[in-house]
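*Asks:* If you scroll down you'll find the structure; I have some questions about it.
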Amino acid sequence: MNTGGFAADYAKAPYLTPGLNLWLRQLLAIFRIEFGKALFSRRALACYALAGLPILIFAVAAFEEGDALGEPVFETIENARRIFGYIFSVLIIGAVVFLGSASIFTTLFRGEILDRSIHYYLLTPVRREILVTAKFLAGLPCAFVLFGLCTLISFLLLYLPFGMTQLVSDLTNGIATAQLGQYLGITILASMGYGSVFMATDLLFRNPLIPIVVIAGWETMHFILPPALKIFSIIYYLKGLLPIPLDEGPLAIIVAPPPVWVSIFGMFGLCLLTVMVTIFLLKRLEVKYTDE
Amino acid sequence: MNRAEAIDVENDREKIALHDVSKFYGDILGVNRISLEIEPGITGLVGPNGSGKSTLMNLIAGLIPSTRGNIEVRGVTPSQPGTFFRQLGYCSQYDSFPVGVNGYEFIRNTLLIHGHDRTTAEALTLQALQQVDLVKAAKKSVEAYSKGMRQRIKLAQAICHQPDVLILDEPLNGLNPMARAQIIAMFREFADTGKIVLISSPILHEVDLISDRVVLLNSGYLVAASALSNIQSETGEPMKIFIRSRDASAIAASVFDLEHVVEAQLHYDGGGVFVRSSDANAFFLAFNRKVISEGWAIESMGPADETVEAIYQHLIVEQQVAT
């Protein structure tokens with residue numbers, strides 16, 4: 001072992017003075033580490049499996065020659081788009097993006113607390129604001145890539161039974177492009193909204209399952225909530241952006257969807273608020289793995 | 001600021017200072033009313049399980065806030081993370097690491113988060129890995145490391161950013177005797193350059209070998225903090241002295257004539273004698289006169305129990321038994 005000149009022989013490496021340059025460098029470093037962990041670690045396998053589920057369903061439906069009566073599964077392209085809208089709301093947003101975001105964003109802090117490795121971050125001269133922002137920003141592209149691809153591939157598989165001519169026609173006349181754009185936009189907003197909420201609740205609850213179950217219950221029941229409470233559910237803002245309005249059944253309390261700009265800025269506002277709450281919680285976090 | 005105040009401030013910049021620090025976890029006491037100054041050199045932190053050692057280390061490292069009192073590490077508080085964590089390296093007792101990293105990435109990532117550019121981070125990574133002799137295993141996953149290698153990579157992570165203060169919670173756990181000796185030599189070099197090393201260890205003999213000073217904790221309270229010899233004399237416990245001499249039998253037979261001697265016992269080989277005296281200084285003075293008058297040949301003489309273990313035994317274990 002080289003112990004010679006342990007401290008004396010090495011000149012102190014210079015640090016950047018605190019400021020935008022240093023913060024950007026730290027943000028980028030944390031972003032790279034966290035993005036790699038979120039997308040390429042073993043923990044990401046659950047997200048891959050979730051994102052693969054709708055693709056599998058649409059692939060099976062596309063390759064089925066017909067239903068029990070021998071009729072095409074989707075019958076017409078209009079019907080197929082309507083079915084996609086329903087599956088997108090219930091399965092892709094309600095399950096894949098919701099649970100996938102929970103998986104990605106609850107591990108950002110709670111995962112490291114459970115692994116007893118969060119102190120490696122907290123012992124570096126990095127502002128808590130930078131740490132939270134970098135981790136959140138690293139989770140977002142991971143969610144966008146996985147769930148965006150899931151939406152894109154599912155949408156393209158929808159066209160498989162109708163042939164390339166139908167797809168090209170819908171893309172050129174703008175129907176498919178507009179709808180796909182809206183679905184992808186909703187996927188991104190849903191990832192942001194759910195992700196930011198899960199990141200904050202991650203530091204509030206020792207058991208991350210508690211907020212996941214509570215929020216899932218709230219989001220599932222939102223259609224029977226009175227209008228004054230609906231505004232506190234994320235899905236309320238997202239449904240207003242759907243290209244094909246969704247029939248929520250006879251029990252639903254119907255309210256006018258919020259304007260598009262409210263939905264979009266609402267999600268950005270929610271992100272900002274929850275990131276600030278997370279910073280506050282992280283500053284109060286006590287790292288005590290010990291039993292003492 | 002006058003000159004005396006300026007000197008005080010300058011002195012504070014060289015040490016860890018705890019002022020009336022308490023930490024409670026709800027109703028449970030972590031540490032209570034600790035006032036302490038830890039100066040450059042190696043300080044051993046000793047105490048039984050649950051005495052508050054890790055709490056005190058986590059408080060100093062800024063990982064937990066104190067319930068009351070304040071802590072300054074070289075004049076900086078944890079509320080200034082930008083400066084505070086540049087000068088502090090911490091090695092936890094837990095064998096935990098970020099998932100999926102190899103040794104090299106573990107160290108380099110730390111340095112990148114510190115804000116170093118890639119070239120500097122890579123140079124410092126190599127330097128830290130060399131210091132703990134892990135260059136060859138650098139590209140192996142940390143999960144595949146042996147216990148000793150994990151301990152060394154944690155040390156590399158603690159020293160990689162060239163801190164002035166090292167807080168080490170049981171840093172020698174799992175190291176083989178050779179690695180242990182090398183790491184201890186490393187701590188000594190670090191301390192000899194005027195830096196602060198705070199080490200906790202459950203192995204008292206080890207703390208004894210390493211430390212310039214010891215801090216004794218019991219049930220969250222500070223029991224003693226000083227150089228070993230100072231604590232020994234402050235405790236009032238009779239001191240055990242070993243005298244090696246071919247006249248051991250004669251010495252053993254006659255030392256009871258001297259004041260303050262409460263016990264004398266021949267060494268098993270007959271070539272030495274243990275003497276217990278309630279006033280060591282008075283004993284040495286009187287014994288020297290006796291040696292001259294009797295013409296005894298003395299080969300060596302010195303304290304036999306000036307160890308952390310003896311002090312620990314007296315200050316903590318005996319008190320616990322008594323209560």
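Chain labels run A, B, ... following the order of the structure tokens; each chain numbers its residues from 1, and ligands are numbered from 1 in the order shown.
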Pull out every residue of chain B that has at least one atom within 6 Å of chain A, counting only C-alpha atoms, and report them as an NGL selection string.

*Replies:* :B and (50 or 63-64 or 81-82 or 85-86 or 96-98 or 112-115 or 130-131 or 133 or 186)

*Asks:* Would you write out those residues with C-alpha atoms, as a CSV table (one decimal), in the first residue's frame?

*Replies:*
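The result, stored in part.csv:
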chain,number,residue,atom,x,y,z
B,50,GLY,CA,-25.5,2.7,22.8
B,63,LEU,CA,-25.7,14.2,9.0
B,64,ILE,CA,-28.1,14.9,11.8
B,81,PRO,CA,-22.5,22.7,3.1
B,82,GLY,CA,-20.5,24.3,0.3
B,85,PHE,CA,-18.2,19.2,3.3
B,86,ARG,CA,-15.1,20.2,1.3
B,96,SER,CA,-23.4,0.1,1.9
B,97,PHE,CA,-22.7,1.6,-1.5
B,98,PRO,CA,-24.7,3.1,-4.4
B,112,LEU,CA,-17.6,14.9,-9.8
B,113,ILE,CA,-20.4,15.7,-7.4
B,114,HIS,CA,-17.9,17.8,-5.4
B,115,GLY,CA,-17.7,19.8,-8.6
B,130,GLN,CA,-3.3,4.1,-4.7
B,131,GLN,CA,-3.4,5.3,-1.1
B,133,ASP,CA,-3.9,-0.1,-2.5
B,186,MET,CA,-2.0,6.2,6.9

*Asks:* Hey, what's within 9 Å of range 246-263 of chain B if we count only C-alpha atoms and toss same-chain stuff fewer than 4 positions away? As a VMD selection string, please?

*Replies:* chain B and resid 238 240 267 270 to 280 282 to 283 286 to 287 290 to 291 296 to 299

*Asks:* Write a file of the just-selected residues containing N, CA and C atoms, as an mmCIF file, in the first residue's frame.

*Replies:*
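File again23.cif, as written:
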data_model
loop_
_atom_site.group_PDB
_atom_site.id
_atom_site.type_symbol
_atom_site.label_atom_id
_atom_site.label_comp_id
_atom_site.auth_asym_id
_atom_site.auth_seq_id
_atom_site.Cartn_x
_atom_site.Cartn_y
_atom_site.Cartn_z
ATOM 1 N N PRO B 238 -5.764 4.088 41.744
ATOM 2 C CA PRO B 238 -4.362 3.723 41.956
ATOM 3 C C PRO B 238 -3.724 3.278 40.651
ATOM 4 N N LYS B 240 -1.060 1.393 38.260
ATOM 5 C CA LYS B 240 -0.290 0.153 38.288
ATOM 6 C C LYS B 240 1.040 0.413 37.580
ATOM 7 N N HIS B 267 5.995 -10.592 39.223
ATOM 8 C CA HIS B 267 5.708 -11.082 37.870
ATOM 9 C C HIS B 267 5.940 -12.585 37.841
ATOM 10 N N GLY B 270 9.424 -13.909 37.849
ATOM 11 C CA GLY B 270 10.284 -13.530 38.969
ATOM 12 C C GLY B 270 11.228 -12.384 38.668
ATOM 13 N N GLY B 271 11.176 -11.887 37.416
ATOM 14 C CA GLY B 271 12.103 -10.822 37.027
ATOM 15 C C GLY B 271 11.458 -9.452 37.021
ATOM 16 N N GLY B 272 10.319 -9.326 37.682
ATOM 17 C CA GLY B 272 9.648 -8.028 37.690
ATOM 18 C C GLY B 272 8.590 -7.982 38.781
ATOM 19 N N VAL B 273 8.126 -6.761 39.045
ATOM 20 C CA VAL B 273 7.121 -6.626 40.093
ATOM 21 C C VAL B 273 6.103 -5.545 39.698
ATOM 22 N N PHE B 274 4.826 -5.870 39.922
ATOM 23 C CA PHE B 274 3.765 -4.875 39.694
ATOM 24 C C PHE B 274 3.477 -4.180 41.018
ATOM 25 N N VAL B 275 3.471 -2.857 40.976
ATOM 26 C CA VAL B 275 3.166 -2.093 42.196
ATOM 27 C C VAL B 275 1.965 -1.205 41.896
ATOM 28 N N ARG B 276 1.012 -1.170 42.826
ATOM 29 C CA ARG B 276 -0.131 -0.270 42.633
ATOM 30 C C ARG B 276 -0.022 0.842 43.674
ATOM 31 N N SER B 277 -0.006 2.092 43.195
ATOM 32 C CA SER B 277 0.195 3.219 44.106
ATOM 33 C C SER B 277 -0.930 4.250 43.917
ATOM 34 N N SER B 278 -1.388 4.806 45.018
ATOM 35 C CA SER B 278 -2.469 5.804 44.937
ATOM 36 C C SER B 278 -1.922 7.180 44.568
ATOM 37 N N ASP B 279 -0.615 7.347 44.645
ATOM 38 C CA ASP B 279 -0.005 8.612 44.203
ATOM 39 C C ASP B 279 1.291 8.266 43.472
ATOM 40 N N ALA B 280 1.193 8.188 42.184
ATOM 41 C CA ALA B 280 2.314 7.699 41.388
ATOM 42 C C ALA B 280 3.546 8.598 41.517
ATOM 43 N N ALA B 282 4.473 10.591 43.968
ATOM 44 C CA ALA B 282 5.111 10.421 45.284
ATOM 45 C C ALA B 282 5.851 9.088 45.348
ATOM 46 N N PHE B 283 5.238 8.073 44.732
ATOM 47 C CA PHE B 283 5.867 6.763 44.738
ATOM 48 C C PHE B 283 7.204 6.794 43.995
ATOM 49 N N ALA B 286 9.898 8.533 46.072
ATOM 50 C CA ALA B 286 10.363 7.734 47.213
ATOM 51 C C ALA B 286 11.098 6.480 46.739
ATOM 52 N N PHE B 287 10.614 5.897 45.648
ATOM 53 C CA PHE B 287 11.217 4.662 45.157
ATOM 54 C C PHE B 287 12.636 4.913 44.641
ATOM 55 N N LYS B 290 14.953 4.894 47.435
ATOM 56 C CA LYS B 290 15.124 3.526 47.941
ATOM 57 C C LYS B 290 16.083 2.730 47.039
ATOM 58 N N VAL B 291 15.948 2.944 45.732
ATOM 59 C CA VAL B 291 16.816 2.232 44.772
ATOM 60 C C VAL B 291 18.276 2.574 45.043
ATOM 61 N N TRP B 296 19.584 -1.425 44.241
ATOM 62 C CA TRP B 296 18.893 -2.332 43.303
ATOM 63 C C TRP B 296 19.243 -1.965 41.856
ATOM 64 N N ALA B 297 19.279 -2.989 41.003
ATOM 65 C CA ALA B 297 19.496 -2.745 39.565
ATOM 66 C C ALA B 297 18.124 -2.742 38.873
ATOM 67 N N ILE B 298 17.783 -1.599 38.330
ATOM 68 C CA ILE B 298 16.473 -1.470 37.669
ATOM 69 C C ILE B 298 16.665 -1.465 36.151
ATOM 70 N N GLU B 299 16.011 -2.394 35.470
ATOM 71 C CA GLU B 299 16.120 -2.431 34.002
ATOM 72 C C GLU B 299 15.119 -1.472 33.351
#

*Asks:* If you measure from CA of Gln182 in chain B to CA of Ala17 in chain B, what distance in Å do you get, rounded to one decimal?

*Replies:* 29.3 Å

*Asks:* Show which residues sit within 8 Å of Leu222 in chain B, as a list in words. Count only C-alpha atoms, and ignore same-chain residues fewer than 4 positions away.

*Replies:*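 Non-adjacent residues within range: Asn32, Ile34, Val215, Leu216, Leu217 and Asn218 of chain B.
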
*Asks:* Those residues with N, CA and C atoms, as a tab-separated table (two decimals), in the first residue's frame please?

*Replies:*
chain	number	residue	atom	x	y	z
B	32	ASN	N	-25.94	14.04	25.43
B	32	ASN	CA	-26.46	15.15	26.23
B	32	ASN	C	-25.36	16.09	26.70
B	34	ILE	N	-22.83	17.88	25.50
B	34	ILE	CA	-21.42	17.59	25.22
B	34	ILE	C	-20.72	18.89	24.84
B	215	VAL	N	-11.72	10.24	23.81
B	215	VAL	CA	-12.98	10.80	24.30
B	215	VAL	C	-13.80	9.60	24.77
B	216	LEU	N	-14.14	9.61	26.05
B	216	LEU	CA	-14.93	8.50	26.59
B	216	LEU	C	-16.38	8.92	26.74
B	217	LEU	N	-17.26	8.12	26.18
B	217	LEU	CA	-18.70	8.40	26.28
B	217	LEU	C	-19.37	7.25	27.01
B	218	ASN	N	-20.40	7.58	27.78
B	218	ASN	CA	-21.21	6.54	28.40
B	218	ASN	C	-22.65	7.03	28.53

*Asks:* Please compute the CA of Arg150 in chain B-CA of Val132 in chain B distance, one decimal, in Å.

*Replies:*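 Separation of CA of Arg150 in chain B and CA of Val132 in chain B: 10.7 Å.
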
*Asks:* Do a neighbour search on range 148-157 of chain A at 7 Å with only C-alpha atoms, toss out local chain neighbours closer than 5 positions, and write the hits as a ChimeraX atom specification.

*Replies:* /A:51-52,54-55,58-59,62,184,187
